[in-house]
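Below is one structure; the comments refer to it alone.
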Amino acid sequence: MGWFSSTPDTKQASDGGRIAPDRTSRQRCWEGRDMFFACLDNNEIVDAIKGDKEARKKCAKEIAEFETACSSTWVKYFKEKRVMEYNRDKTIERIKKEDAATVQDLKSQGWGQK
């Protein structure tokens with residue numbers, strides 16, 4: 001079992017191991033991911049793992065392509081990464097707003113004035 005163990009078109013090496021996907025396979029996977037994520041964005045679905053039923057209902061064609069083009073481990077990884085990046089971006093946005101409010105508060109108290 002490994003990164004590429006569930007890819008439908010994964011070829012076996014002469015020693016019985018699996019051959020990693022080539023550039024074309026990876027590109028096809030990324031394109032499938034991007035189409036699926038665009039559909040999720042259009043339907044305001046952030047977490048395709050928790051919202052699996054809704055995602056499959058609203059993005060059936062896209063998720064089918066994504067899951068066909070990528071191994072199941074990659075599918076899971078990309079879905080989890082999407083949520084992590086969303087949370088990271090929201091946290092950065094919140095911190096920036098808090099910092100701006102703090103700076104305004106300090107300026108109103110006379111800080112930074114000569």
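Labeling convention for the structure tokens: chains A, B, ... as they appear, residues from 1 per chain, ligands from 1 in order of appearance.
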What are the closest atom pairs, with distances in Å to one decimal, for all residues of stretch 34-64 of chain A lying within 7 Å of stretch 72-89 of chain A? Consider only C-alpha atoms, order rows by chain and residue number, and present the result as CSV.
```
residue,atom,partner,partner_atom,distance
A:Val46,CA,A:Val83,CA,6.3
A:Asp47,CA,A:Val83,CA,5.8
A:Ala48,CA,A:Lys79,CA,6.2
A:Ile49,CA,A:Lys79,CA,6.8
```
Could you save the residues just selected, with all heavy atoms, as a CSV table (one decimal), in the first residue's frame?
```
chain,number,residue,atom,x,y,z
A,46,VAL,N,-17.2,23.9,1.4
A,46,VAL,CA,-15.7,24.0,1.7
A,46,VAL,C,-15.2,22.6,2.0
A,46,VAL,O,-14.2,22.2,1.4
A,46,VAL,CB,-15.5,24.9,3.0
A,46,VAL,CG1,-14.1,24.8,3.4
A,46,VAL,CG2,-15.9,26.3,2.7
A,47,ASP,N,-15.9,21.8,2.8
A,47,ASP,CA,-15.4,20.5,3.2
A,47,ASP,C,-16.2,19.4,2.5
A,47,ASP,O,-17.3,19.1,2.8
A,47,ASP,CB,-15.6,20.3,4.7
A,47,ASP,CG,-14.9,19.1,5.3
A,47,ASP,OD1,-14.6,18.2,4.5
A,47,ASP,OD2,-14.6,19.1,6.5
A,48,ALA,N,-15.5,18.8,1.5
A,48,ALA,CA,-16.1,17.8,0.7
A,48,ALA,C,-16.1,16.4,1.4
A,48,ALA,O,-16.7,15.5,0.9
A,48,ALA,CB,-15.4,17.7,-0.7
A,49,ILE,N,-15.4,16.3,2.5
A,49,ILE,CA,-15.5,15.1,3.3
A,49,ILE,C,-16.7,15.1,4.2
A,49,ILE,O,-17.5,14.2,4.1
A,49,ILE,CB,-14.2,14.9,4.1
A,49,ILE,CG1,-13.0,14.7,3.2
A,49,ILE,CG2,-14.3,13.7,5.0
A,49,ILE,CD1,-11.6,14.7,3.8
```
Legend entry - Within 7 Å of stretch 21-30 of chain A using only C-alpha atoms, minus same-chain residues under 4 positions, as a list in words: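 Listed by chain and then number, they are Asp34, Phe66, Ala69 and Cys70 of chain A.
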Please extract the residues of chain A with a backbone DSSP assignment of helix (DSSP H, G or I) and present them as a PDB file with N, CA, C and O atoms, in the first residue's frame.
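Full text of result-v2.pdb as output:
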```
ATOM      1  N   ARG A  23       3.957  12.200 -15.618  1.00  0.00           N
ATOM      2  CA  ARG A  23       3.552  13.608 -15.665  1.00  0.00           C
ATOM      3  C   ARG A  23       2.132  13.773 -16.211  1.00  0.00           C
ATOM      4  O   ARG A  23       1.343  14.568 -15.702  1.00  0.00           O
ATOM      5  N   THR A  24       1.793  13.016 -17.227  1.00  0.00           N
ATOM      6  CA  THR A  24       0.466  13.115 -17.828  1.00  0.00           C
ATOM      7  C   THR A  24      -0.616  12.693 -16.841  1.00  0.00           C
ATOM      8  O   THR A  24      -1.653  13.351 -16.730  1.00  0.00           O
ATOM      9  N   SER A  25      -0.371  11.610 -16.098  1.00  0.00           N
ATOM     10  CA  SER A  25      -1.342  11.141 -15.103  1.00  0.00           C
ATOM     11  C   SER A  25      -1.524  12.158 -13.987  1.00  0.00           C
ATOM     12  O   SER A  25      -2.646  12.408 -13.550  1.00  0.00           O
ATOM     13  N   ARG A  26      -0.421  12.725 -13.532  1.00  0.00           N
ATOM     14  CA  ARG A  26      -0.509  13.739 -12.476  1.00  0.00           C
ATOM     15  C   ARG A  26      -1.254  14.969 -12.977  1.00  0.00           C
ATOM     16  O   ARG A  26      -2.099  15.518 -12.268  1.00  0.00           O
ATOM     17  N   GLN A  27      -0.985  15.391 -14.203  1.00  0.00           N
ATOM     18  CA  GLN A  27      -1.663  16.554 -14.783  1.00  0.00           C
ATOM     19  C   GLN A  27      -3.164  16.300 -14.876  1.00  0.00           C
ATOM     20  O   GLN A  27      -3.967  17.169 -14.556  1.00  0.00           O
ATOM     21  N   ARG A  28      -3.536  15.113 -15.302  1.00  0.00           N
ATOM     22  CA  ARG A  28      -4.955  14.753 -15.402  1.00  0.00           C
ATOM     23  C   ARG A  28      -5.614  14.795 -14.020  1.00  0.00           C
ATOM     24  O   ARG A  28      -6.732  15.282 -13.867  1.00  0.00           O
ATOM     25  N   CYS A  29      -4.901  14.325 -13.015  1.00  0.00           N
ATOM     26  CA  CYS A  29      -5.404  14.356 -11.636  1.00  0.00           C
ATOM     27  C   CYS A  29      -5.622  15.794 -11.187  1.00  0.00           C
ATOM     28  O   CYS A  29      -6.671  16.138 -10.645  1.00  0.00           O
ATOM     29  N   TRP A  30      -4.629  16.635 -11.403  1.00  0.00           N
ATOM     30  CA  TRP A  30      -4.731  18.036 -10.971  1.00  0.00           C
ATOM     31  C   TRP A  30      -5.865  18.759 -11.688  1.00  0.00           C
ATOM     32  O   TRP A  30      -6.557  19.581 -11.092  1.00  0.00           O
ATOM     33  N   GLU A  31      -6.045  18.468 -12.970  1.00  0.00           N
ATOM     34  CA  GLU A  31      -7.136  19.090 -13.718  1.00  0.00           C
ATOM     35  C   GLU A  31      -8.491  18.637 -13.167  1.00  0.00           C
ATOM     36  O   GLU A  31      -9.413  19.440 -13.023  1.00  0.00           O
ATOM     37  N   GLY A  32      -8.604  17.348 -12.843  1.00  0.00           N
ATOM     38  CA  GLY A  32      -9.829  16.830 -12.237  1.00  0.00           C
ATOM     39  C   GLY A  32     -10.092  17.472 -10.890  1.00  0.00           C
ATOM     40  O   GLY A  32     -11.233  17.840 -10.570  1.00  0.00           O
ATOM     41  N   ARG A  33      -9.039  17.631 -10.104  1.00  0.00           N
ATOM     42  CA  ARG A  33      -9.153  18.288  -8.791  1.00  0.00           C
ATOM     43  C   ARG A  33      -9.625  19.731  -8.965  1.00  0.00           C
ATOM     44  O   ARG A  33     -10.546  20.170  -8.274  1.00  0.00           O
ATOM     45  N   ASP A  34      -9.015  20.443  -9.893  1.00  0.00           N
ATOM     46  CA  ASP A  34      -9.358  21.851 -10.090  1.00  0.00           C
ATOM     47  C   ASP A  34     -10.814  22.015 -10.536  1.00  0.00           C
ATOM     48  O   ASP A  34     -11.512  22.920 -10.069  1.00  0.00           O
ATOM     49  N   MET A  35     -11.278  21.134 -11.419  1.00  0.00           N
ATOM     50  CA  MET A  35     -12.674  21.193 -11.868  1.00  0.00           C
ATOM     51  C   MET A  35     -13.628  20.893 -10.701  1.00  0.00           C
ATOM     52  O   MET A  35     -14.641  21.564 -10.535  1.00  0.00           O
ATOM     53  N   PHE A  36     -13.281  19.895  -9.896  1.00  0.00           N
ATOM     54  CA  PHE A  36     -14.104  19.534  -8.748  1.00  0.00           C
ATOM     55  C   PHE A  36     -14.143  20.673  -7.739  1.00  0.00           C
ATOM     56  O   PHE A  36     -15.212  21.058  -7.255  1.00  0.00           O
ATOM     57  N   PHE A  37     -12.979  21.259  -7.439  1.00  0.00           N
ATOM     58  CA  PHE A  37     -12.922  22.350  -6.470  1.00  0.00           C
ATOM     59  C   PHE A  37     -13.662  23.584  -6.987  1.00  0.00           C
ATOM     60  O   PHE A  37     -14.281  24.309  -6.207  1.00  0.00           O
ATOM     61  N   ALA A  38     -13.621  23.848  -8.289  1.00  0.00           N
ATOM     62  CA  ALA A  38     -14.375  24.964  -8.856  1.00  0.00           C
ATOM     63  C   ALA A  38     -15.875  24.740  -8.654  1.00  0.00           C
ATOM     64  O   ALA A  38     -16.614  25.669  -8.310  1.00  0.00           O
ATOM     65  N   CYS A  39     -16.308  23.511  -8.833  1.00  0.00           N
ATOM     66  CA  CYS A  39     -17.715  23.180  -8.606  1.00  0.00           C
ATOM     67  C   CYS A  39     -18.068  23.362  -7.133  1.00  0.00           C
ATOM     68  O   CYS A  39     -19.112  23.925  -6.800  1.00  0.00           O
ATOM     69  N   LEU A  40     -17.191  22.915  -6.240  1.00  0.00           N
ATOM     70  CA  LEU A  40     -17.433  23.111  -4.807  1.00  0.00           C
ATOM     71  C   LEU A  40     -17.538  24.599  -4.487  1.00  0.00           C
ATOM     72  O   LEU A  40     -18.421  25.023  -3.734  1.00  0.00           O
ATOM     73  N   ASP A  41     -16.630  25.395  -5.050  1.00  0.00           N
ATOM     74  CA  ASP A  41     -16.658  26.846  -4.829  1.00  0.00           C
ATOM     75  C   ASP A  41     -17.975  27.440  -5.311  1.00  0.00           C
ATOM     76  O   ASP A  41     -18.580  28.263  -4.611  1.00  0.00           O
ATOM     77  N   ASN A  42     -18.411  27.030  -6.495  1.00  0.00           N
ATOM     78  CA  ASN A  42     -19.667  27.547  -7.054  1.00  0.00           C
ATOM     79  C   ASN A  42     -20.870  27.189  -6.189  1.00  0.00           C
ATOM     80  O   ASN A  42     -21.880  27.889  -6.198  1.00  0.00           O
ATOM     81  N   ASP A  52     -19.955  15.296   2.001  1.00  0.00           N
ATOM     82  CA  ASP A  52     -19.814  14.360   0.877  1.00  0.00           C
ATOM     83  C   ASP A  52     -21.111  14.173   0.096  1.00  0.00           C
ATOM     84  O   ASP A  52     -21.111  14.211  -1.135  1.00  0.00           O
ATOM     85  N   LYS A  53     -22.227  13.994   0.801  1.00  0.00           N
ATOM     86  CA  LYS A  53     -23.506  13.764   0.108  1.00  0.00           C
ATOM     87  C   LYS A  53     -23.888  14.960  -0.747  1.00  0.00           C
ATOM     88  O   LYS A  53     -24.286  14.810  -1.904  1.00  0.00           O
ATOM     89  N   GLU A  54     -23.740  16.151  -0.181  1.00  0.00           N
ATOM     90  CA  GLU A  54     -24.089  17.362  -0.931  1.00  0.00           C
ATOM     91  C   GLU A  54     -23.135  17.549  -2.115  1.00  0.00           C
ATOM     92  O   GLU A  54     -23.568  17.897  -3.212  1.00  0.00           O
ATOM     93  N   ALA A  55     -21.848  17.303  -1.884  1.00  0.00           N
ATOM     94  CA  ALA A  55     -20.855  17.450  -2.960  1.00  0.00           C
ATOM     95  C   ALA A  55     -21.145  16.467  -4.092  1.00  0.00           C
ATOM     96  O   ALA A  55     -21.073  16.829  -5.269  1.00  0.00           O
ATOM     97  N   ARG A  56     -21.471  15.228  -3.746  1.00  0.00           N
ATOM     98  CA  ARG A  56     -21.769  14.219  -4.771  1.00  0.00           C
ATOM     99  C   ARG A  56     -23.054  14.553  -5.524  1.00  0.00           C
ATOM    100  O   ARG A  56     -23.180  14.253  -6.711  1.00  0.00           O
ATOM    101  N   LYS A  57     -23.988  15.187  -4.837  1.00  0.00           N
ATOM    102  CA  LYS A  57     -25.250  15.562  -5.474  1.00  0.00           C
ATOM    103  C   LYS A  57     -25.046  16.726  -6.444  1.00  0.00           C
ATOM    104  O   LYS A  57     -25.537  16.697  -7.571  1.00  0.00           O
ATOM    105  N   LYS A  58     -24.304  17.744  -6.013  1.00  0.00           N
ATOM    106  CA  LYS A  58     -24.162  18.957  -6.814  1.00  0.00           C
ATOM    107  C   LYS A  58     -23.008  18.910  -7.808  1.00  0.00           C
ATOM    108  O   LYS A  58     -23.001  19.666  -8.770  1.00  0.00           O
ATOM    109  N   ALA A  60     -21.569  15.833  -9.238  1.00  0.00           N
ATOM    110  CA  ALA A  60     -21.429  14.410  -9.557  1.00  0.00           C
ATOM    111  C   ALA A  60     -20.426  14.152 -10.680  1.00  0.00           C
ATOM    112  O   ALA A  60     -19.560  13.283 -10.560  1.00  0.00           O
ATOM    113  N   LYS A  61     -20.545  14.891 -11.752  1.00  0.00           N
ATOM    114  CA  LYS A  61     -19.655  14.684 -12.903  1.00  0.00           C
ATOM    115  C   LYS A  61     -18.205  14.995 -12.519  1.00  0.00           C
ATOM    116  O   LYS A  61     -17.287  14.244 -12.847  1.00  0.00           O
ATOM    117  N   GLU A  62     -18.015  16.097 -11.821  1.00  0.00           N
ATOM    118  CA  GLU A  62     -16.673  16.538 -11.454  1.00  0.00           C
ATOM    119  C   GLU A  62     -15.997  15.595 -10.464  1.00  0.00           C
ATOM    120  O   GLU A  62     -14.816  15.286 -10.595  1.00  0.00           O
ATOM    121  N   ILE A  63     -16.765  15.122  -9.476  1.00  0.00           N
ATOM    122  CA  ILE A  63     -16.159  14.221  -8.488  1.00  0.00           C
ATOM    123  C   ILE A  63     -15.834  12.869  -9.120  1.00  0.00           C
ATOM    124  O   ILE A  63     -14.835  12.244  -8.788  1.00  0.00           O
ATOM    125  N   ALA A  64     -16.652  12.444 -10.066  1.00  0.00           N
ATOM    126  CA  ALA A  64     -16.380  11.184 -10.760  1.00  0.00           C
ATOM    127  C   ALA A  64     -15.065  11.275 -11.531  1.00  0.00           C
ATOM    128  O   ALA A  64     -14.237  10.359 -11.478  1.00  0.00           O
ATOM    129  N   GLU A  65     -14.865  12.379 -12.217  1.00  0.00           N
ATOM    130  CA  GLU A  65     -13.618  12.587 -12.964  1.00  0.00           C
ATOM    131  C   GLU A  65     -12.420  12.665 -12.011  1.00  0.00           C
ATOM    132  O   GLU A  65     -11.381  12.068 -12.256  1.00  0.00           O
ATOM    133  N   PHE A  66     -12.581  13.414 -10.931  1.00  0.00           N
ATOM    134  CA  PHE A  66     -11.517  13.575  -9.930  1.00  0.00           C
ATOM    135  C   PHE A  66     -11.121  12.225  -9.347  1.00  0.00           C
ATOM    136  O   PHE A  66      -9.936  11.878  -9.274  1.00  0.00           O
ATOM    137  N   GLU A  67     -12.107  11.427  -8.949  1.00  0.00           N
ATOM    138  CA  GLU A  67     -11.819  10.135  -8.325  1.00  0.00           C
ATOM    139  C   GLU A  67     -11.291   9.116  -9.330  1.00  0.00           C
ATOM    140  O   GLU A  67     -10.577   8.195  -8.952  1.00  0.00           O
ATOM    141  N   THR A  68     -11.619   9.272 -10.602  1.00  0.00           N
ATOM    142  CA  THR A  68     -11.091   8.384 -11.635  1.00  0.00           C
ATOM    143  C   THR A  68      -9.646   8.743 -11.961  1.00  0.00           C
ATOM    144  O   THR A  68      -8.812   7.862 -12.160  1.00  0.00           O
ATOM    145  N   ALA A  69      -9.359  10.039 -11.998  1.00  0.00           N
ATOM    146  CA  ALA A  69      -8.037  10.506 -12.405  1.00  0.00           C
ATOM    147  C   ALA A  69      -6.989  10.390 -11.302  1.00  0.00           C
ATOM    148  O   ALA A  69      -5.789  10.308 -11.594  1.00  0.00           O
ATOM    149  N   SER A  72      -7.067   7.173  -4.522  1.00  0.00           N
ATOM    150  CA  SER A  72      -7.914   7.526  -3.380  1.00  0.00           C
ATOM    151  C   SER A  72      -7.124   8.279  -2.314  1.00  0.00           C
ATOM    152  O   SER A  72      -7.671   9.150  -1.642  1.00  0.00           O
ATOM    153  N   THR A  73      -5.836   7.974  -2.169  1.00  0.00           N
ATOM    154  CA  THR A  73      -5.039   8.694  -1.179  1.00  0.00           C
ATOM    155  C   THR A  73      -4.849  10.149  -1.593  1.00  0.00           C
ATOM    156  O   THR A  73      -4.861  11.039  -0.746  1.00  0.00           O
ATOM    157  N   TRP A  74      -4.693  10.393  -2.871  1.00  0.00           N
ATOM    158  CA  TRP A  74      -4.558  11.768  -3.354  1.00  0.00           C
ATOM    159  C   TRP A  74      -5.878  12.512  -3.196  1.00  0.00           C
ATOM    160  O   TRP A  74      -5.898  13.680  -2.821  1.00  0.00           O
ATOM    161  N   VAL A  75      -6.990  11.854  -3.488  1.00  0.00           N
ATOM    162  CA  VAL A  75      -8.317  12.467  -3.352  1.00  0.00           C
ATOM    163  C   VAL A  75      -8.510  12.918  -1.904  1.00  0.00           C
ATOM    164  O   VAL A  75      -8.883  14.063  -1.641  1.00  0.00           O
ATOM    165  N   LYS A  76      -8.237  12.022  -0.977  1.00  0.00           N
ATOM    166  CA  LYS A  76      -8.384  12.340   0.451  1.00  0.00           C
ATOM    167  C   LYS A  76      -7.453  13.479   0.839  1.00  0.00           C
ATOM    168  O   LYS A  76      -7.863  14.427   1.518  1.00  0.00           O
ATOM    169  N   TYR A  77      -6.209  13.410   0.396  1.00  0.00           N
ATOM    170  CA  TYR A  77      -5.222  14.443   0.715  1.00  0.00           C
ATOM    171  C   TYR A  77      -5.676  15.816   0.208  1.00  0.00           C
ATOM    172  O   TYR A  77      -5.649  16.806   0.946  1.00  0.00           O
ATOM    173  N   PHE A  78      -6.107  15.894  -1.052  1.00  0.00           N
ATOM    174  CA  PHE A  78      -6.518  17.175  -1.625  1.00  0.00           C
ATOM    175  C   PHE A  78      -7.747  17.742  -0.920  1.00  0.00           C
ATOM    176  O   PHE A  78      -7.848  18.951  -0.692  1.00  0.00           O
ATOM    177  N   LYS A  79      -8.698  16.870  -0.561  1.00  0.00           N
ATOM    178  CA  LYS A  79      -9.893  17.335   0.152  1.00  0.00           C
ATOM    179  C   LYS A  79      -9.510  17.898   1.524  1.00  0.00           C
ATOM    180  O   LYS A  79     -10.020  18.949   1.932  1.00  0.00           O
ATOM    181  N   GLU A  80      -8.635  17.198   2.242  1.00  0.00           N
ATOM    182  CA  GLU A  80      -8.194  17.666   3.560  1.00  0.00           C
ATOM    183  C   GLU A  80      -7.381  18.957   3.441  1.00  0.00           C
ATOM    184  O   GLU A  80      -7.529  19.874   4.249  1.00  0.00           O
ATOM    185  N   LYS A  81      -6.534  19.026   2.426  1.00  0.00           N
ATOM    186  CA  LYS A  81      -5.697  20.218   2.207  1.00  0.00           C
ATOM    187  C   LYS A  81      -6.573  21.431   1.907  1.00  0.00           C
ATOM    188  O   LYS A  81      -6.286  22.540   2.360  1.00  0.00           O
ATOM    189  N   ARG A  82      -7.638  21.234   1.156  1.00  0.00           N
ATOM    190  CA  ARG A  82      -8.556  22.336   0.838  1.00  0.00           C
ATOM    191  C   ARG A  82      -9.131  22.947   2.119  1.00  0.00           C
ATOM    192  O   ARG A  82      -9.155  24.173   2.269  1.00  0.00           O
ATOM    193  N   VAL A  83      -9.563  22.108   3.048  1.00  0.00           N
ATOM    194  CA  VAL A  83     -10.133  22.594   4.308  1.00  0.00           C
ATOM    195  C   VAL A  83      -9.053  23.289   5.140  1.00  0.00           C
ATOM    196  O   VAL A  83      -9.284  24.364   5.699  1.00  0.00           O
ATOM    197  N   MET A  84      -7.872  22.690   5.207  1.00  0.00           N
ATOM    198  CA  MET A  84      -6.776  23.279   5.968  1.00  0.00           C
ATOM    199  C   MET A  84      -6.412  24.656   5.416  1.00  0.00           C
ATOM    200  O   MET A  84      -6.228  25.618   6.177  1.00  0.00           O
ATOM    201  N   GLU A  85      -6.317  24.791   4.101  1.00  0.00           N
ATOM    202  CA  GLU A  85      -5.971  26.073   3.495  1.00  0.00           C
ATOM    203  C   GLU A  85      -7.081  27.106   3.698  1.00  0.00           C
ATOM    204  O   GLU A  85      -6.801  28.286   3.918  1.00  0.00           O
ATOM    205  N   TYR A  86      -8.327  26.675   3.650  1.00  0.00           N
ATOM    206  CA  TYR A  86      -9.447  27.576   3.914  1.00  0.00           C
ATOM    207  C   TYR A  86      -9.352  28.115   5.340  1.00  0.00           C
ATOM    208  O   TYR A  86      -9.471  29.330   5.566  1.00  0.00           O
ATOM    209  N   ASN A  87      -9.141  27.220   6.300  1.00  0.00           N
ATOM    210  CA  ASN A  87      -9.025  27.632   7.702  1.00  0.00           C
ATOM    211  C   ASN A  87      -7.823  28.537   7.908  1.00  0.00           C
ATOM    212  O   ASN A  87      -7.899  29.523   8.651  1.00  0.00           O
ATOM    213  N   ARG A  88      -6.706  28.227   7.268  1.00  0.00           N
ATOM    214  CA  ARG A  88      -5.506  29.059   7.365  1.00  0.00           C
ATOM    215  C   ARG A  88      -5.791  30.464   6.845  1.00  0.00           C
ATOM    216  O   ARG A  88      -5.463  31.464   7.500  1.00  0.00           O
ATOM    217  N   ASP A  89      -6.417  30.555   5.690  1.00  0.00           N
ATOM    218  CA  ASP A  89      -6.716  31.857   5.095  1.00  0.00           C
ATOM    219  C   ASP A  89      -7.671  32.668   5.961  1.00  0.00           C
ATOM    220  O   ASP A  89      -7.505  33.883   6.110  1.00  0.00           O
ATOM    221  N   LYS A  90      -8.682  32.025   6.537  1.00  0.00           N
ATOM    222  CA  LYS A  90      -9.620  32.715   7.425  1.00  0.00           C
ATOM    223  C   LYS A  90      -8.903  33.206   8.689  1.00  0.00           C
ATOM    224  O   LYS A  90      -9.184  34.304   9.178  1.00  0.00           O
ATOM    225  N   THR A  91      -7.986  32.410   9.218  1.00  0.00           N
ATOM    226  CA  THR A  91      -7.228  32.817  10.402  1.00  0.00           C
ATOM    227  C   THR A  91      -6.341  34.012  10.092  1.00  0.00           C
ATOM    228  O   THR A  91      -6.276  34.977  10.869  1.00  0.00           O
ATOM    229  N   ILE A  92      -5.664  33.989   8.960  1.00  0.00           N
ATOM    230  CA  ILE A  92      -4.805  35.113   8.552  1.00  0.00           C
ATOM    231  C   ILE A  92      -5.651  36.370   8.384  1.00  0.00           C
ATOM    232  O   ILE A  92      -5.268  37.455   8.842  1.00  0.00           O
ATOM    233  N   GLU A  93      -6.805  36.240   7.760  1.00  0.00           N
ATOM    234  CA  GLU A  93      -7.710  37.378   7.560  1.00  0.00           C
ATOM    235  C   GLU A  93      -8.146  37.963   8.910  1.00  0.00           C
ATOM    236  O   GLU A  93      -8.151  39.176   9.107  1.00  0.00           O
ATOM    237  N   ARG A  94      -8.499  37.089   9.855  1.00  0.00           N
ATOM    238  CA  ARG A  94      -8.934  37.528  11.185  1.00  0.00           C
ATOM    239  C   ARG A  94      -7.808  38.245  11.915  1.00  0.00           C
ATOM    240  O   ARG A  94      -8.001  39.312  12.509  1.00  0.00           O
ATOM    241  N   ILE A  95      -6.591  37.696  11.841  1.00  0.00           N
ATOM    242  CA  ILE A  95      -5.439  38.307  12.508  1.00  0.00           C
ATOM    243  C   ILE A  95      -5.143  39.683  11.913  1.00  0.00           C
ATOM    244  O   ILE A  95      -4.853  40.638  12.650  1.00  0.00           O
ATOM    245  N   LYS A  96      -5.217  39.804  10.598  1.00  0.00           N
ATOM    246  CA  LYS A  96      -4.977  41.097   9.959  1.00  0.00           C
ATOM    247  C   LYS A  96      -5.992  42.135  10.429  1.00  0.00           C
ATOM    248  O   LYS A  96      -5.639  43.288  10.693  1.00  0.00           O
ATOM    249  N   LYS A  97      -7.260  41.737  10.534  1.00  0.00           N
ATOM    250  CA  LYS A  97      -8.292  42.656  11.012  1.00  0.00           C
ATOM    251  C   LYS A  97      -8.032  43.059  12.459  1.00  0.00           C
ATOM    252  O   LYS A  97      -8.176  44.227  12.818  1.00  0.00           O
ATOM    253  N   GLU A  98      -7.662  42.081  13.289  1.00  0.00           N
ATOM    254  CA  GLU A  98      -7.368  42.377  14.689  1.00  0.00           C
ATOM    255  C   GLU A  98      -6.167  43.306  14.807  1.00  0.00           C
ATOM    256  O   GLU A  98      -6.170  44.231  15.618  1.00  0.00           O
ATOM    257  N   ASP A  99      -5.135  43.055  14.011  1.00  0.00           N
ATOM    258  CA  ASP A  99      -3.945  43.909  14.028  1.00  0.00           C
ATOM    259  C   ASP A  99      -4.285  45.326  13.586  1.00  0.00           C
ATOM    260  O   ASP A  99      -3.809  46.303  14.171  1.00  0.00           O
ATOM    261  N   ALA A 100      -5.106  45.469  12.563  1.00  0.00           N
ATOM    262  CA  ALA A 100      -5.498  46.792  12.082  1.00  0.00           C
ATOM    263  C   ALA A 100      -6.275  47.530  13.165  1.00  0.00           C
ATOM    264  O   ALA A 100      -6.067  48.731  13.390  1.00  0.00           O
ATOM    265  N   ALA A 101      -7.150  46.820  13.864  1.00  0.00           N
ATOM    266  CA  ALA A 101      -7.921  47.436  14.941  1.00  0.00           C
ATOM    267  C   ALA A 101      -6.995  47.853  16.089  1.00  0.00           C
ATOM    268  O   ALA A 101      -7.173  48.928  16.669  1.00  0.00           O
ATOM    269  N   THR A 102      -6.010  47.038  16.394  1.00  0.00           N
ATOM    270  CA  THR A 102      -5.055  47.367  17.454  1.00  0.00           C
ATOM    271  C   THR A 102      -4.243  48.598  17.089  1.00  0.00           C
ATOM    272  O   THR A 102      -4.034  49.484  17.922  1.00  0.00           O
ATOM    273  N   VAL A 103      -3.792  48.664  15.843  1.00  0.00           N
ATOM    274  CA  VAL A 103      -3.023  49.826  15.386  1.00  0.00           C
ATOM    275  C   VAL A 103      -3.879  51.086  15.481  1.00  0.00           C
ATOM    276  O   VAL A 103      -3.415  52.132  15.957  1.00  0.00           O
ATOM    277  N   GLN A 104      -5.125  50.998  15.034  1.00  0.00           N
ATOM    278  CA  GLN A 104      -6.023  52.154  15.127  1.00  0.00           C
ATOM    279  C   GLN A 104      -6.212  52.575  16.578  1.00  0.00           C
ATOM    280  O   GLN A 104      -6.210  53.766  16.892  1.00  0.00           O
ATOM    281  N   ASP A 105      -6.378  51.617  17.454  1.00  0.00           N
ATOM    282  CA  ASP A 105      -6.563  51.904  18.881  1.00  0.00           C
ATOM    283  C   ASP A 105      -5.327  52.594  19.454  1.00  0.00           C
ATOM    284  O   ASP A 105      -5.439  53.576  20.186  1.00  0.00           O
ATOM    285  N   LEU A 106      -4.149  52.087  19.114  1.00  0.00           N
ATOM    286  CA  LEU A 106      -2.905  52.684  19.608  1.00  0.00           C
ATOM    287  C   LEU A 106      -2.721  54.098  19.058  1.00  0.00           C
ATOM    288  O   LEU A 106      -2.282  54.995  19.780  1.00  0.00           O
ATOM    289  N   LYS A 107      -3.037  54.301  17.792  1.00  0.00           N
ATOM    290  CA  LYS A 107      -2.923  55.636  17.201  1.00  0.00           C
ATOM    291  C   LYS A 107      -3.870  56.619  17.892  1.00  0.00           C
ATOM    292  O   LYS A 107      -3.526  57.770  18.111  1.00  0.00           O
ATOM    293  N   SER A 108      -5.083  56.139  18.215  1.00  0.00           N
ATOM    294  CA  SER A 108      -6.039  57.016  18.886  1.00  0.00           C
ATOM    295  C   SER A 108      -5.570  57.379  20.300  1.00  0.00           C
ATOM    296  O   SER A 108      -5.978  58.393  20.861  1.00  0.00           O
TER     297      SER A 108
END
```
